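Below: one structure, written as structure tokens.
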Amino acid sequence: MEEKRMDASEISRLKKHNTELKLFPYLDLFPEIHESVFLASGVKVIGDVKIGKNSSVWYNTVVRGDVHYVKIGEMTNIQDCSMLHVTNGRYPLNIGNKVTIGHSVKLHGCTLQDLCLIGIGSIVLDGAVVETNSMVAAGAVVKPNFVVPSGKLVAGIPARVVRDLTESEISDFEESALRYKKYTEITIKSLNKINT
């Protein structure tokens, strides 16, 4: 397949339109984002939000830390069109390290421990805990205060434990984090062509 390269006029046009705001205050709270974090186009991060080293937030995702805090660990990836929010003064949103959050996921006032995977289109609600080395299947709804045990797959509406995870599935949580770090590097390199 022939590689198509952008000419100078296309690059100039893109530069002109690449000035979007991504970080917004809420009252006197402003996001604290590590310098290595990648925020894709369309991302909006509001208020009391901390995002750790080498994490990535992908296209058109909203992270709203207005009425409580949001804390996202290191090397976590939050994929396109996800919505992250909290419950007023009651449930913050805590996300650990090397977590993979699939496309169009909704997280509300819950806790995701390290090395877990939240499947595409799933919903995790107030007070729920997704333990380390566990997985929420695509389209599942994890009800308030439910605990997803370590080493288990939950699925359904409402989500329930359906089986143990295999060793291969558990080892892929780390691999997923590494893949998204690589995707970030490739994307930044591609976008830098616009800025040269």
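Labeling convention for the structure tokens: chains A, B, ... as they appear, residues from 1 per chain, ligands from 1 in order of appearance.
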
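Within 10 Å of Ala137 of chain A, once only C-alpha atoms are used and residues closer than 2 positions along the same chain are dropped, the contacting residues are Gly102, Leu117, Ile118, Gly119, Ile120, Gly121, Ser122, Ile123, Ser134, Met135, Gly139, Ala140, Val141, Val142, Leu153, Val154, Ala155, Gly156, Ala159 and Val162 of chain A.
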
Next item on the list: Run DSSP on the backbone and give me the residues of segment 27-178 of chain A it puts in strand (DSSP E), as an NGL selection string.
Entry: :A and (32-33 or 38-39 or 44-51 or 56-57 or 62-72 or 77-78 or 83-85 or 93-95 or 100-101 or 106-108 or 111-112 or 117-118 or 123-124 or 129-130 or 135-136 or 141-142 or 147-148 or 152-155 or 160-164)

Note to self: So that I can see what lies close to Gly65 of chain A, please list as a ChimeraX atom specification the residues with an atom at most 6 Å from it, counting only C-alpha atoms and leaving out residues fewer than 4 positions away in the same chain.
What the structure shows: /A:46-49,69-70

Notebook entry, point to check: Any idea what's packed within 9 Å of Tyr180 of chain A, counting only C-alpha atoms, ignoring anything in its chain fewer than 3 positions away? Could you give it as a VMD selection string?
Noted result: chain A and resid 55 to 56 75 to 77 100 175 to 177 183 to 185

Can I get the selected residues back with N, CA and C atoms, as an mmCIF file, in the first residue's frame?
```cif
data_model
loop_
_atom_site.group_PDB
_atom_site.id
_atom_site.type_symbol
_atom_site.label_atom_id
_atom_site.label_comp_id
_atom_site.auth_asym_id
_atom_site.auth_seq_id
_atom_site.Cartn_x
_atom_site.Cartn_y
_atom_site.Cartn_z
ATOM 1 N N SER A 55 0.319 7.663 31.312
ATOM 2 C CA SER A 55 -1.069 7.286 31.032
ATOM 3 C C SER A 55 -1.529 7.980 29.759
ATOM 4 N N SER A 56 -2.647 7.496 29.210
ATOM 5 C CA SER A 56 -3.180 8.102 27.987
ATOM 6 C C SER A 56 -4.693 8.169 28.069
ATOM 7 N N MET A 75 0.546 4.609 33.629
ATOM 8 C CA MET A 75 0.462 3.694 32.482
ATOM 9 C C MET A 75 -0.930 3.091 32.311
ATOM 10 N N THR A 76 -1.930 3.879 32.631
ATOM 11 C CA THR A 76 -3.322 3.487 32.443
ATOM 12 C C THR A 76 -3.818 4.087 31.147
ATOM 13 N N ASN A 77 -4.639 3.345 30.397
ATOM 14 C CA ASN A 77 -5.196 3.891 29.156
ATOM 15 C C ASN A 77 -6.715 3.939 29.242
ATOM 16 N N THR A 100 -6.626 -0.965 31.794
ATOM 17 C CA THR A 100 -7.140 -0.729 30.448
ATOM 18 C C THR A 100 -8.640 -0.508 30.541
ATOM 19 N N GLU A 175 0.391 -6.578 29.262
ATOM 20 C CA GLU A 175 0.667 -6.411 27.829
ATOM 21 C C GLU A 175 -0.210 -5.311 27.221
ATOM 22 N N SER A 176 -1.459 -5.228 27.649
ATOM 23 C CA SER A 176 -2.359 -4.190 27.155
ATOM 24 C C SER A 176 -1.830 -2.805 27.518
ATOM 25 N N ALA A 177 -1.360 -2.655 28.740
ATOM 26 C CA ALA A 177 -0.784 -1.373 29.159
ATOM 27 C C ALA A 177 0.430 -1.025 28.298
ATOM 28 N N TYR A 183 1.171 2.600 21.367
ATOM 29 C CA TYR A 183 0.238 3.348 20.518
ATOM 30 C C TYR A 183 0.385 4.857 20.755
ATOM 31 N N THR A 184 0.581 5.228 22.004
ATOM 32 C CA THR A 184 0.770 6.635 22.339
ATOM 33 C C THR A 184 2.017 7.190 21.650
ATOM 34 N N GLU A 185 3.113 6.446 21.735
ATOM 35 C CA GLU A 185 4.363 6.899 21.113
ATOM 36 C C GLU A 185 4.193 7.078 19.604
#
```

Next item on the list: Write out as a ChimeraX atom specification the residues lying within 12 Å of Pro144 of chain A, counting only C-alpha atoms and excluding same-chain residues fewer than 3 positions away.
Entry: /A:87,91,107-111,123-130,141,147-148,158-159

Could you turn the residues from that selection into a file that holds C-alpha atoms, as a JSON list (two decimals), in the first residue's frame?
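The resulting file, part_31.json, is reproduced below:
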```json
[["chain", "number", "residue", "atom", "x", "y", "z"],
["A", 87, "THR", "CA", -20.72, 11.48, 43.18],
["A", 91, "TYR", "CA", -17.80, 8.68, 45.90],
["A", 107, "LEU", "CA", -17.10, 4.95, 35.30],
["A", 108, "HIS", "CA", -18.95, 6.67, 38.13],
["A", 109, "GLY", "CA", -17.56, 7.02, 41.64],
["A", 110, "CYS", "CA", -15.90, 3.59, 41.69],
["A", 111, "THR", "CA", -12.47, 2.08, 42.37],
["A", 123, "ILE", "CA", -20.61, 0.69, 33.17],
["A", 124, "VAL", "CA", -19.14, 0.61, 36.68],
["A", 125, "LEU", "CA", -21.25, 2.45, 39.28],
["A", 126, "ASP", "CA", -20.85, 4.18, 42.67],
["A", 127, "GLY", "CA", -18.89, 2.37, 45.34],
["A", 128, "ALA", "CA", -18.08, -0.63, 43.15],
["A", 129, "VAL", "CA", -14.56, -2.07, 43.37],
["A", 130, "VAL", "CA", -12.82, -3.91, 40.54],
["A", 141, "VAL", "CA", -23.17, -3.14, 34.26],
["A", 147, "VAL", "CA", -16.89, -6.12, 44.31],
["A", 148, "VAL", "CA", -15.35, -7.81, 41.28],
["A", 158, "PRO", "CA", -26.25, -6.68, 36.41],
["A", 159, "ALA", "CA", -22.73, -8.08, 36.29]]
```

Check: To one decimal place, how far is atom CA of Lys98 of chain A from atom CA of Val57 of chain A in Å?
Finding: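 Separation of atom CA of Lys98 of chain A and atom CA of Val57 of chain A: 12.8 Å.
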
Next item on the list: Rounded to one decimal place, report the atom CA of Ser41 of chain A-atom CA of Tyr59 of chain A distance in Å.
Entry: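 These two atoms are separated by 5.3 Å.
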
Margin query: Calculated over only C-alpha atoms, which of the candidates A:Thr132, A:Asn94, A:Ser171, A:Ser190 has the smallest distance to Cys116 of chain A?
Written below: A:Thr132

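For the pair atom CA of Val67 of chain A and atom CA of Pro149 of chain A, the separation is 28.2 Å.
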
Note to self: Taking only segment 11-106 of chain A into account, list the residues labelled alpha helix (DSSP H) by DSSP (computed from the backbone), as a PyMOL selection string.
What the structure shows: chain A and resi 11-16

Next item on the list: May I ask which of the residues A:Ile51, A:Val86, A:Ile101, A:Val37 is the closest one to Ile188 of chain A, counting only C-alpha atoms?
Entry: A:Val37
